[in-house]
$ cat work.cif   # mmCIF, C-alpha atoms
data_work
loop_
_atom_site.label_atom_id
_atom_site.label_comp_id
_atom_site.auth_asym_id
_atom_site.auth_seq_id
_atom_site.Cartn_x
_atom_site.Cartn_y
_atom_site.Cartn_z
CA MET A 1 156.47 87.44 102.90
CA ARG A 2 158.42 86.39 99.81
CA ARG A 3 161.96 85.39 98.99
CA LYS A 4 164.44 88.28 98.67
CA ASN A 5 165.69 89.19 95.20
CA ASP A 6 167.97 91.75 93.60
CA GLN A 7 165.30 94.44 93.70
CA ASP A 8 165.00 94.04 97.45
CA ASP A 9 167.00 96.63 99.25
CA ILE A 10 166.26 98.71 102.27
CA SER A 11 167.89 101.88 100.97
CA ALA A 12 164.60 103.84 100.97
CA LEU A 13 164.02 102.88 104.61
CA VAL A 14 167.61 103.76 105.59
CA TYR A 15 167.34 107.07 103.72
CA ALA A 16 164.08 107.96 105.53
CA ILE A 17 165.46 107.08 108.97
CA ASN A 18 168.79 108.85 108.33
CA HIS A 19 166.74 111.97 107.68
CA ILE A 20 165.59 111.76 111.33
CA HIS A 21 168.82 110.48 112.89
CA PRO A 22 171.93 108.97 111.24
CA LEU A 23 172.08 105.17 111.44
CA GLY A 24 175.32 103.32 112.17
CA ASP A 25 176.52 100.65 109.69
CA ASP A 26 175.91 97.88 112.23
CA ILE A 27 172.25 98.88 112.55
CA VAL A 28 171.86 99.07 108.77
CA ALA A 29 173.34 95.54 108.52
CA TYR A 30 170.91 94.29 111.19
CA LEU A 31 167.95 95.82 109.34
CA GLN A 32 169.15 94.35 106.02
CA ALA A 33 169.35 90.89 107.61
CA ASN A 34 166.07 91.07 109.54
CA CYS A 35 163.64 93.02 107.39
CA PHE A 36 161.43 91.26 104.88
CA PHE A 37 159.76 92.42 101.69
CA THR A 38 156.10 92.09 100.91
CA THR A 39 153.33 93.58 98.79
CA CYS A 40 149.66 94.41 99.36
CA LYS A 41 147.26 94.88 96.44
CA ARG A 42 144.85 97.83 96.32
CA GLY A 43 141.76 97.10 98.42
CA LYS A 44 143.42 94.27 100.38
CA HIS A 45 144.04 94.39 104.13
CA LEU A 46 147.32 94.26 106.03
CA LEU A 47 145.41 93.96 109.31
CA LYS A 48 141.82 93.48 110.43
CA THR A 49 140.11 94.36 113.72
CA GLY A 50 140.64 91.61 116.27
CA GLU A 51 144.00 90.46 114.88
CA ILE A 52 147.30 91.18 116.64
CA CYS A 53 149.59 93.41 114.58
CA ARG A 54 152.96 91.62 114.53
CA THR A 55 154.74 93.86 112.01
CA LEU A 56 155.95 97.43 111.63
CA TYR A 57 155.83 98.31 107.91
CA PHE A 58 157.70 100.89 105.85
CA ILE A 59 155.96 101.92 102.61
CA ARG A 60 158.48 101.87 99.72
CA THR A 61 155.65 102.84 97.36
CA GLY A 62 151.90 102.95 97.77
CA ALA A 63 149.24 104.30 100.09
CA LEU A 64 147.46 102.75 103.07
CA ARG A 65 144.75 103.87 105.45
CA GLY A 66 143.71 102.96 108.97
CA TYR A 67 140.00 102.76 109.61
CA ILE A 68 137.51 101.71 112.26
CA LYS A 69 133.90 100.58 111.96
CA GLU A 70 131.24 102.33 114.01
CA ASN A 71 128.12 100.23 113.46
CA THR A 72 127.98 100.15 109.64
CA ARG A 73 129.99 103.36 109.19
CA ASP A 74 133.58 103.22 108.04
CA ILE A 75 135.79 105.97 109.56
CA THR A 76 139.29 106.64 108.13
CA THR A 77 141.66 107.42 111.02
CA TRP A 78 144.91 107.98 109.11
CA ILE A 79 146.37 107.86 105.59
CA SER A 80 150.06 107.13 104.90
CA ILE A 81 152.06 107.04 101.68
CA ASP A 82 155.59 106.38 100.35
CA ASN A 83 158.42 106.59 102.87
CA GLU A 84 156.22 106.46 105.96
CA LEU A 85 156.03 103.83 108.68
CA VAL A 86 152.70 102.15 109.38
CA THR A 87 151.37 99.80 111.98
CA SER A 88 148.46 99.64 114.39
CA ILE A 89 150.42 101.24 117.20
CA SER A 90 148.48 100.05 120.27
CA SER A 91 148.18 96.53 118.93
CA PHE A 92 151.84 96.37 117.87
CA ASP A 93 153.35 97.94 121.01
CA LEU A 94 151.29 95.93 123.48
CA GLN A 95 150.81 92.85 121.26
CA VAL A 96 147.06 92.92 121.86
CA THR A 97 144.16 92.65 119.41
CA ALA A 98 143.71 95.64 117.10
CA ILE A 99 140.72 97.98 117.16
CA GLU A 100 141.51 99.28 113.69
CA ASN A 101 141.90 97.88 110.16
CA ILE A 102 144.74 98.67 107.75
CA GLN A 103 143.87 98.63 104.03
CA ALA A 104 145.87 99.38 100.88
CA LEU A 105 144.51 102.33 98.84
CA GLU A 106 147.06 101.60 96.06
CA ASP A 107 149.20 98.56 95.22
CA CYS A 108 151.87 98.71 97.92
CA ASP A 109 155.49 97.64 98.04
CA LEU A 110 156.47 97.26 101.69
CA ILE A 111 159.39 96.50 103.98
CA GLY A 112 158.45 94.82 107.26
CA ILE A 113 160.15 94.07 110.55
CA SER A 114 158.58 91.77 113.13
CA TYR A 115 157.82 92.87 116.68
CA ASN A 116 160.37 90.39 118.04
CA ASN A 117 163.15 91.50 115.70
CA LEU A 118 162.47 95.14 116.57
CA GLN A 119 162.75 94.38 120.31
CA LYS A 120 166.06 92.57 119.60
CA LEU A 121 167.24 95.66 117.71
CA TYR A 122 166.54 97.85 120.76
CA LEU A 123 168.49 95.47 123.01
CA LYS A 124 171.41 94.76 120.65
CA PHE A 125 171.93 98.40 119.62
CA PRO A 126 170.89 100.72 122.50
CA GLU A 127 171.69 103.75 120.32
CA TYR A 128 168.77 102.72 118.09
CA ASN A 129 166.61 104.07 120.93
CA ILE A 130 167.77 107.57 119.92
CA VAL A 131 166.42 106.94 116.42
CA ALA A 132 163.21 105.41 117.75
CA ARG A 133 162.68 108.20 120.29
CA LYS A 134 162.88 110.76 117.48
CA VAL A 135 160.62 108.68 115.21
CA TYR A 136 158.02 108.31 117.97
CA GLN A 137 158.24 112.06 118.77
CA SER A 138 157.49 112.81 115.14
CA TYR A 139 154.62 110.31 114.88
CA TYR A 140 153.21 111.52 118.22
CA ARG A 141 153.07 115.07 116.86
CA ASP A 142 151.28 113.74 113.75
CA ALA A 143 148.77 111.89 115.92
CA GLU A 144 148.04 115.10 117.85
CA ASN A 145 147.51 116.93 114.58
CA ARG A 146 145.13 114.24 113.34
CA ALA A 147 143.18 114.48 116.62
CA LEU A 148 143.00 118.25 116.22
CA ILE A 149 141.55 117.97 112.70
CA ALA A 150 138.97 115.50 113.99
CA ARG A 151 137.92 117.92 116.76
CA LEU A 152 137.41 120.97 114.56
CA THR A 153 133.75 121.39 113.64
CA ASN A 154 133.87 123.73 110.65
CA ALA A 155 134.44 121.84 107.37
CA GLU A 156 136.51 124.63 105.81
CA ASN A 157 138.74 124.87 108.91
CA LYS A 158 139.22 121.11 108.80
CA TYR A 159 140.26 121.14 105.14
CA LEU A 160 142.55 124.15 105.56
CA TYR A 161 144.27 122.47 108.50
CA PHE A 162 144.51 119.24 106.48
CA LEU A 163 146.20 121.15 103.63
CA ARG A 164 148.61 122.69 106.11
CA MET A 165 149.59 119.35 107.66
CA HIS A 166 148.98 116.80 104.87
CA SER A 167 149.16 118.71 101.58
CA HIS A 168 151.01 115.76 99.99
CA LEU A 169 147.80 113.70 100.25
CA ALA A 170 145.41 116.22 98.70
CA ASN A 171 145.90 115.14 95.09
CA ARG A 172 147.01 111.58 95.72
CA VAL A 173 144.22 109.85 97.62
CA PRO A 174 140.57 109.42 96.48
CA LEU A 175 138.47 112.23 97.94
CA LYS A 176 136.08 109.85 99.68
CA TYR A 177 138.88 108.79 102.05
CA ILE A 178 139.92 112.38 102.70
CA ALA A 179 136.28 113.25 103.47
CA SER A 180 136.07 110.29 105.84
CA PHE A 181 139.37 111.30 107.48
CA LEU A 182 138.00 114.82 107.97
CA GLY A 183 134.68 113.52 109.28
CA ILE A 184 132.64 115.33 106.62
CA THR A 185 130.60 114.14 103.64
CA LEU A 186 132.07 113.91 100.15
CA GLU A 187 129.59 116.57 99.00
CA THR A 188 130.77 118.99 101.72
CA LEU A 189 134.42 118.33 100.86
CA SER A 190 133.74 119.01 97.16
CA ARG A 191 131.96 122.26 98.04
CA VAL A 192 134.83 123.40 100.29
CA ARG A 193 137.46 122.55 97.64
CA LYS A 194 135.49 124.40 94.99
CA LYS A 195 135.09 127.46 97.21
CA LEU A 196 138.79 127.52 98.12
CA SER A 197 139.90 127.06 94.52
CA ILE A 198 137.70 130.03 93.51
CA SER A 199 139.22 132.04 96.38
CA ASP A 200 142.72 131.08 95.18
CA ALA A 201 141.94 132.14 91.61
CA GLY A 202 140.46 135.41 92.86
CA MET B 1 159.71 129.16 139.07
CA ARG B 2 160.43 129.46 142.82
CA ARG B 3 163.29 128.67 145.15
CA LYS B 4 163.61 124.97 146.10
CA ASN B 5 162.66 123.97 149.64
CA ASP B 6 162.48 120.80 151.73
CA GLN B 7 159.15 119.81 150.23
CA ASP B 8 160.67 119.86 146.77
CA ASP B 9 161.64 116.42 145.69
CA ILE B 10 161.30 114.64 142.41
CA SER B 11 160.42 111.24 143.90
CA ALA B 12 156.93 111.18 142.31
CA LEU B 13 158.49 111.88 138.89
CA VAL B 14 161.18 109.24 139.39
CA TYR B 15 158.57 106.72 140.57
CA ALA B 16 156.39 107.37 137.50
CA ILE B 17 159.31 107.04 135.07
CA ASN B 18 160.69 103.95 136.82
CA HIS B 19 157.32 102.35 136.18
CA ILE B 20 158.04 102.68 132.44
CA HIS B 21 161.80 102.01 132.53
CA PRO B 22 164.23 101.95 135.47
CA LEU B 23 166.32 105.14 135.79
CA GLY B 24 170.02 105.02 136.68
CA ASP B 25 171.22 106.98 139.73
CA ASP B 26 173.19 109.37 137.51
CA ILE B 27 170.04 110.30 135.58
CA VAL B 28 168.08 110.79 138.82
CA ALA B 29 170.85 113.11 140.08
CA TYR B 30 170.73 115.07 136.82
CA LEU B 31 166.94 115.45 137.09
CA GLN B 32 167.22 116.51 140.74
CA ALA B 33 169.73 119.20 139.80
CA ASN B 34 167.95 120.45 136.68
CA CYS B 35 164.23 120.22 137.37
CA PHE B 36 162.39 123.12 138.93
CA PHE B 37 159.21 123.33 140.98
CA THR B 38 156.25 125.52 140.19
CA THR B 39 152.52 125.86 140.79
CA CYS B 40 149.56 126.90 138.67
CA LYS B 41 146.28 128.02 140.24
CA ARG B 42 142.92 126.71 139.00
CA GLY B 43 141.80 128.61 135.92
CA LYS B 44 145.28 130.00 135.18
CA HIS B 45 147.25 129.14 132.03
CA LEU B 46 150.61 127.41 131.68
CA LEU B 47 150.65 128.23 127.97
CA LYS B 48 148.62 130.30 125.54
CA THR B 49 148.24 130.02 121.76
CA GLY B 50 151.07 131.82 120.01
CA GLU B 51 153.63 131.30 122.77
CA ILE B 52 156.53 128.84 122.47
CA CYS B 53 156.32 126.02 125.02
CA ARG B 54 159.76 125.89 126.66
CA THR B 55 158.95 123.37 129.42
CA LEU B 56 157.94 119.74 129.86
CA TYR B 57 155.86 119.47 133.05
CA PHE B 58 155.16 116.57 135.37
CA ILE B 59 151.98 116.92 137.47
CA ARG B 60 152.72 116.05 141.12
CA THR B 61 149.10 116.89 141.97
CA GLY B 62 146.37 118.63 140.02
CA ALA B 63 144.62 118.51 136.67
CA LEU B 64 145.27 120.37 133.41
CA ARG B 65 143.64 120.48 130.01
CA GLY B 66 144.76 121.36 126.52
CA TYR B 67 142.29 123.32 124.43
CA ILE B 68 142.02 125.14 121.13
CA LYS B 69 139.72 127.93 120.04
CA GLU B 70 137.65 127.54 116.86
CA ASN B 71 136.09 130.94 116.30
CA THR B 72 134.46 131.54 119.71
CA ARG B 73 134.18 127.83 120.57
CA ASP B 74 136.53 126.30 123.13
CA ILE B 75 137.47 122.65 122.34
CA THR B 76 139.21 120.52 125.00
CA THR B 77 141.83 118.33 123.30
CA TRP B 78 143.24 116.44 126.30
CA ILE B 79 142.96 116.24 130.09
CA SER B 80 145.84 115.11 132.33
CA ILE B 81 146.07 114.57 136.08
CA ASP B 82 148.55 113.53 138.82
CA ASN B 83 151.65 111.65 137.71
CA GLU B 84 151.32 112.50 134.01
CA LEU B 85 153.60 114.55 131.78
CA VAL B 86 152.19 117.56 129.97
CA THR B 87 153.44 119.94 127.34
CA SER B 88 152.29 121.24 123.98
CA ILE B 89 154.15 118.56 122.07
CA SER B 90 154.52 120.20 118.64
CA SER B 91 155.50 123.54 120.14
CA PHE B 92 157.92 121.97 122.63
CA ASP B 93 159.59 119.51 120.25
CA LEU B 94 160.05 121.96 117.39
CA GLN B 95 160.29 125.12 119.55
CA VAL B 96 157.65 126.85 117.46
CA THR B 97 154.55 128.80 118.50
CA ALA B 98 151.77 126.73 120.03
CA ILE B 99 148.35 126.19 118.47
CA GLU B 100 146.86 125.09 121.78
CA ASN B 101 146.39 126.51 125.28
CA ILE B 102 147.16 124.70 128.55
CA GLN B 103 144.98 125.59 131.53
CA ALA B 104 144.82 124.32 135.13
CA LEU B 105 141.49 122.70 136.07
CA GLU B 106 142.63 122.39 139.71
CA ASP B 107 145.42 124.04 141.71
CA CYS B 108 148.50 122.26 140.35
CA ASP B 109 151.84 121.37 141.90
CA LEU B 110 154.29 120.79 139.06
CA ILE B 111 157.85 119.74 138.28
CA GLY B 112 159.32 121.26 135.13
CA ILE B 113 162.36 120.67 132.94
CA SER B 114 163.36 123.13 130.25
CA TYR B 115 163.74 122.16 126.58
CA ASN B 116 167.48 122.88 126.73
CA ASN B 117 168.06 120.81 129.86
CA LEU B 118 166.12 117.91 128.36
CA GLN B 119 168.25 118.00 125.18
CA LYS B 120 171.38 117.99 127.40
CA LEU B 121 169.97 114.97 129.25
CA TYR B 122 169.62 113.07 125.94
CA LEU B 123 173.22 113.89 125.01
CA LYS B 124 174.81 113.33 128.42
CA PHE B 125 172.98 110.06 129.15
CA PRO B 126 172.23 108.25 125.85
CA GLU B 127 170.43 105.50 127.80
CA TYR B 128 167.80 108.08 128.70
CA ASN B 129 166.66 107.67 125.10
CA ILE B 130 165.38 104.20 126.07
CA VAL B 131 163.22 105.82 128.75
CA ALA B 132 162.08 108.56 126.40
CA ARG B 133 161.35 106.13 123.55
CA LYS B 134 159.04 104.17 125.87
CA VAL B 135 157.42 107.34 127.23
CA TYR B 136 156.76 108.62 123.70
CA GLN B 137 155.41 105.20 122.63
CA SER B 138 152.94 105.34 125.51
CA TYR B 139 151.90 108.96 124.84
CA TYR B 140 151.60 108.22 121.11
CA ARG B 141 149.16 105.40 121.86
CA ASP B 142 147.18 107.79 124.08
CA ALA B 143 147.08 110.38 121.29
CA GLU B 144 145.74 107.76 118.87
CA ASN B 145 143.06 106.82 121.40
CA ARG B 146 142.08 110.47 121.84
CA ALA B 147 141.82 110.85 118.05
CA LEU B 148 139.65 107.75 117.87
CA ILE B 149 137.21 109.11 120.50
CA ALA B 150 137.02 112.37 118.54
CA ARG B 151 136.15 110.47 115.35
CA LEU B 152 133.33 108.36 116.75
CA THR B 153 129.95 109.91 116.01
CA ASN B 154 127.66 108.20 118.48
CA ALA B 155 127.68 109.92 121.91
CA GLU B 156 127.21 106.69 123.84
CA ASN B 157 130.07 105.01 121.95
CA LYS B 158 132.26 108.03 122.70
CA TYR B 159 131.54 107.91 126.41
CA LEU B 160 131.95 104.13 126.65
CA TYR B 161 135.32 104.37 124.89
CA PHE B 162 136.27 107.27 127.18
CA LEU B 163 135.43 105.13 130.24
CA ARG B 164 137.54 102.31 128.82
CA MET B 165 140.57 104.52 128.22
CA HIS B 166 140.21 107.33 130.77
CA SER B 167 138.03 105.98 133.60
CA HIS B 168 140.25 107.79 136.15
CA LEU B 169 138.93 111.12 134.82
CA ALA B 170 135.21 110.32 134.92
CA ASN B 171 134.62 111.44 138.53
CA ARG B 172 137.51 113.87 138.82
CA VAL B 173 137.03 116.52 136.16
CA PRO B 174 133.99 118.84 135.72
CA LEU B 175 131.59 117.30 133.20
CA LYS B 176 131.69 120.34 130.93
CA TYR B 177 135.33 119.56 130.07
CA ILE B 178 134.60 115.88 129.51
CA ALA B 179 131.72 116.86 127.19
CA SER B 180 134.01 119.24 125.30
CA PHE B 181 136.71 116.53 125.08
CA LEU B 182 134.12 114.12 123.65
CA GLY B 183 132.76 116.75 121.24
CA ILE B 184 129.20 116.52 122.59
CA THR B 185 127.02 118.91 124.58
CA LEU B 186 126.81 118.78 128.37
CA GLU B 187 123.13 117.85 128.06
CA THR B 188 123.94 114.87 125.82
CA LEU B 189 126.69 113.71 128.18
CA SER B 190 124.31 113.90 131.18
CA ARG B 191 121.69 111.90 129.24
CA VAL B 192 124.26 109.22 128.27
CA ARG B 193 125.59 108.98 131.85
CA LYS B 194 122.06 108.65 133.23
CA LYS B 195 121.17 105.96 130.69
CA LEU B 196 124.34 103.98 131.42
CA SER B 197 123.93 104.25 135.17
CA ILE B 198 120.37 102.92 134.82
CA SER B 199 121.70 100.09 132.64
CA ASP B 200 124.34 99.33 135.28
CA ALA B 201 121.77 99.26 138.06
CA GLY B 202 119.54 96.96 136.01
#
$ encode --input "work.cif" --output "structure tokens"
Amino acid sequence: MRRKNDQDDISALVYAINHIHPLGDDIVAYLQANCFFTTCKRGKHLLKTGEICRTLYFIRTGALRGYIKENTRDITTWISIDNELVTSISSFDLQVTAIENIQALEDCDLIGISYNNLQKLYLKFPEYNIVARKVYQSYYRDAENRALIARLTNAENKYLYFLRMHSHLANRVPLKYIASFLGITLETLSRVRKKLSISDAG
Amino acid sequence: MRRKNDQDDISALVYAINHIHPLGDDIVAYLQANCFFTTCKRGKHLLKTGEICRTLYFIRTGALRGYIKENTRDITTWISIDNELVTSISSFDLQVTAIENIQALEDCDLIGISYNNLQKLYLKFPEYNIVARKVYQSYYRDAENRALIARLTNAENKYLYFLRMHSHLANRVPLKYIASFLGITLETLSRVRKKLSISDAG
């Protein structure tokens, strides 16, 4: 956390939430007073396995991934970029130790709100539950889509479904993380991309 | 849908929701007036790919699974039993055609509410958004856990994580659906279960 300055405003967060459900001025004022601003350099971690996630983050700019370790293997579970919310949901909601890690894939500029200040927001402004219900609905659908990609077995099907659901990531994030997210090797991903680009051209 | 009778009451639904967040009497009365009762025989479908899911179901008794088809392969994406809510979330929320199928694994006794009546509930009783926010939070965490199981590569790790998160299903649902849910063969699942039961005994 760092001291607020003139560049610190929550307008990107308010804009993103308004897109889901319009926020009242009183809620915007509460967020302005209770959010904090922070950064995370590429490669650094926001959260590591075994820690309790105390913050819900909004990405003003940057990219982050969630990942787990299975023995020595590193498995990317999600990738989020500008204007998305990130946290380790089970750890944050239940305030228990996290299974996953959260790592910056680019230098990130973030807005955070603590667990306690979010609970106060729910109590002080019950209508914020409408916003949160819609946000959770949307993120729940995304989680189902991520699970579906993970369950497909054919590499081309996986990548096609990824393009359908996450096309904004295809040319933004290093391919090794996309391959890990899809549960295929980098070589297989390259082969699939090459094949599909030839099909497109044809 | 069938005519209501004396056996038709929503007490199991109310009890399950109250466990998450207490419901006001006015909301209970609305649910009583607007829910309907239905059944689904083992093997039959509540929803098929390409249909629009118009109903959110609560399972009074029974078991259902979600599954997708990849070419000729049938992949179980979730399994739900008594006292859980089921729907095809993307299809229901956005009222678009479903990717998945929903099939009864046992004879099911269900309570349903239509998409339209649920939207009216949100509008008529804004405090129901508190309930729904908490329900979605809980189902979002479950979806993340399902995705995590799908991403693990080691069969024993998958089954151990399944037991940790879904132990109530282990002796309820035919093993072929658990194997499909874990993304492993029935033979591998039997081998893992045998190994773990020997470890337990030792």
$ resolve_selection --input "work.cif" --expression "the PyMOL selection byres ((chain A and resi 76) around 10)" --output "number ranges by chain"
A: 65-69, 73-75, 77-79, 100-102, 176-183; B: 148, 151
$ atom_distance --input "work.cif" --atom1 "CA of Val135 in chain A" --atom2 "CA of Ile20 in chain A"
7.0 Å
$ resolve_selection --input "work.cif" --expression "the PyMOL selection byres ((chain B) within 9 of (chain A))" --output "ChimeraX atom specification"
/B:68,70,75-77,89-90,93,122,126-154,157,181-183
$ resolve_selection --input "work.cif" --expression "the PyMOL selection byres ((chain B and resi 50) around 8)" --output "PyMOL selection string"
chain B and resi 48-49+51-52+97-99
$ write_last_selection --input "work.cif" --atoms "C-alpha atoms" --output "tab-separated table (two decimals), in the frame of the given file"
chain	number	residue	atom	x	y	z
B	48	LYS	CA	148.62	130.30	125.54
B	49	THR	CA	148.24	130.02	121.76
B	51	GLU	CA	153.63	131.30	122.77
B	52	ILE	CA	156.53	128.84	122.47
B	97	THR	CA	154.55	128.80	118.50
B	98	ALA	CA	151.77	126.73	120.03
B	99	ILE	CA	148.35	126.19	118.47
$ residues_near_point --input "work.cif" --point "(169.4, 123.8, 134.8)" --cutoff "10 Å" --atoms "only C-alpha atoms" --output "list in words"
Tyr30, Leu31, Gln32, Ala33, Asn34, Cys35, Phe36, Ile113, Ser114, Asn116, Asn117, Leu118 and Lys120 of chain B
$ atom_distance --input "work.cif" --atom1 "CA of Ile81 in chain A" --atom2 "CA of Glu187 in chain A"
24.6 Å
$ decode --input "work.cif" --residues "range 120-134 of chain A" --atoms "N, CA, C and O atoms" --output "PDB file, in the first residue's frame"
ATOM      1  N   LYS A 120     -18.098  -4.347   5.427  1.00  0.00           N
ATOM      2  CA  LYS A 120     -18.774  -3.114   5.910  1.00  0.00           C
ATOM      3  C   LYS A 120     -19.612  -2.501   4.795  1.00  0.00           C
ATOM      4  O   LYS A 120     -20.698  -1.976   5.039  1.00  0.00           O
ATOM      5  N   LEU A 121     -19.088  -2.557   3.573  1.00  0.00           N
ATOM      6  CA  LEU A 121     -19.818  -2.025   2.413  1.00  0.00           C
ATOM      7  C   LEU A 121     -21.150  -2.762   2.238  1.00  0.00           C
ATOM      8  O   LEU A 121     -22.206  -2.135   2.021  1.00  0.00           O
ATOM      9  N   TYR A 122     -21.122  -4.101   2.358  1.00  0.00           N
ATOM     10  CA  TYR A 122     -22.359  -4.883   2.240  1.00  0.00           C
ATOM     11  C   TYR A 122     -23.385  -4.475   3.308  1.00  0.00           C
ATOM     12  O   TYR A 122     -24.584  -4.403   3.043  1.00  0.00           O
ATOM     13  N   LEU A 123     -22.891  -4.231   4.526  1.00  0.00           N
ATOM     14  CA  LEU A 123     -23.802  -3.905   5.633  1.00  0.00           C
ATOM     15  C   LEU A 123     -24.325  -2.478   5.535  1.00  0.00           C
ATOM     16  O   LEU A 123     -25.501  -2.205   5.768  1.00  0.00           O
ATOM     17  N   LYS A 124     -23.422  -1.542   5.173  1.00  0.00           N
ATOM     18  CA  LYS A 124     -23.772  -0.118   5.163  1.00  0.00           C
ATOM     19  C   LYS A 124     -24.673   0.219   3.977  1.00  0.00           C
ATOM     20  O   LYS A 124     -25.549   1.068   4.085  1.00  0.00           O
ATOM     21  N   PHE A 125     -24.445  -0.460   2.849  1.00  0.00           N
ATOM     22  CA  PHE A 125     -25.218  -0.184   1.627  1.00  0.00           C
ATOM     23  C   PHE A 125     -25.792  -1.502   1.090  1.00  0.00           C
ATOM     24  O   PHE A 125     -25.216  -2.107   0.178  1.00  0.00           O
ATOM     25  N   PRO A 126     -26.943  -1.936   1.652  1.00  0.00           N
ATOM     26  CA  PRO A 126     -27.497  -3.244   1.223  1.00  0.00           C
ATOM     27  C   PRO A 126     -27.674  -3.340  -0.296  1.00  0.00           C
ATOM     28  O   PRO A 126     -27.564  -4.430  -0.860  1.00  0.00           O
ATOM     29  N   GLU A 127     -27.916  -2.212  -0.962  1.00  0.00           N
ATOM     30  CA  GLU A 127     -28.105  -2.281  -2.418  1.00  0.00           C
ATOM     31  C   GLU A 127     -26.818  -2.692  -3.139  1.00  0.00           C
ATOM     32  O   GLU A 127     -26.868  -3.096  -4.304  1.00  0.00           O
ATOM     33  N   TYR A 128     -25.671  -2.593  -2.436  1.00  0.00           N
ATOM     34  CA  TYR A 128     -24.432  -3.060  -3.068  1.00  0.00           C
ATOM     35  C   TYR A 128     -24.491  -4.579  -3.308  1.00  0.00           C
ATOM     36  O   TYR A 128     -23.775  -5.109  -4.154  1.00  0.00           O
ATOM     37  N   ASN A 129     -25.361  -5.260  -2.566  1.00  0.00           N
ATOM     38  CA  ASN A 129     -25.532  -6.701  -2.797  1.00  0.00           C
ATOM     39  C   ASN A 129     -26.081  -7.001  -4.190  1.00  0.00           C
ATOM     40  O   ASN A 129     -25.842  -8.079  -4.729  1.00  0.00           O
ATOM     41  N   ILE A 130     -26.829  -6.056  -4.760  1.00  0.00           N
ATOM     42  CA  ILE A 130     -27.315  -6.235  -6.139  1.00  0.00           C
ATOM     43  C   ILE A 130     -26.112  -6.256  -7.083  1.00  0.00           C
ATOM     44  O   ILE A 130     -25.985  -7.129  -7.946  1.00  0.00           O
ATOM     45  N   VAL A 131     -25.220  -5.258  -6.888  1.00  0.00           N
ATOM     46  CA  VAL A 131     -24.001  -5.194  -7.693  1.00  0.00           C
ATOM     47  C   VAL A 131     -23.202  -6.488  -7.523  1.00  0.00           C
ATOM     48  O   VAL A 131     -22.826  -7.142  -8.502  1.00  0.00           O
ATOM     49  N   ALA A 132     -22.981  -6.853  -6.262  1.00  0.00           N
ATOM     50  CA  ALA A 132     -22.118  -8.004  -5.975  1.00  0.00           C
ATOM     51  C   ALA A 132     -22.741  -9.298  -6.494  1.00  0.00           C
ATOM     52  O   ALA A 132     -22.034 -10.173  -7.005  1.00  0.00           O
ATOM     53  N   ARG A 133     -24.066  -9.420  -6.383  1.00  0.00           N
ATOM     54  CA  ARG A 133     -24.733 -10.615  -6.907  1.00  0.00           C
ATOM     55  C   ARG A 133     -24.468 -10.738  -8.408  1.00  0.00           C
ATOM     56  O   ARG A 133     -24.131 -11.809  -8.909  1.00  0.00           O
ATOM     57  N   LYS A 134     -24.568  -9.610  -9.118  1.00  0.00           N
ATOM     58  CA  LYS A 134     -24.344  -9.650 -10.567  1.00  0.00           C
ATOM     59  C   LYS A 134     -22.870  -9.920 -10.900  1.00  0.00           C
ATOM     60  O   LYS A 134     -22.556 -10.627 -11.857  1.00  0.00           O
TER      61      LYS A 134
END
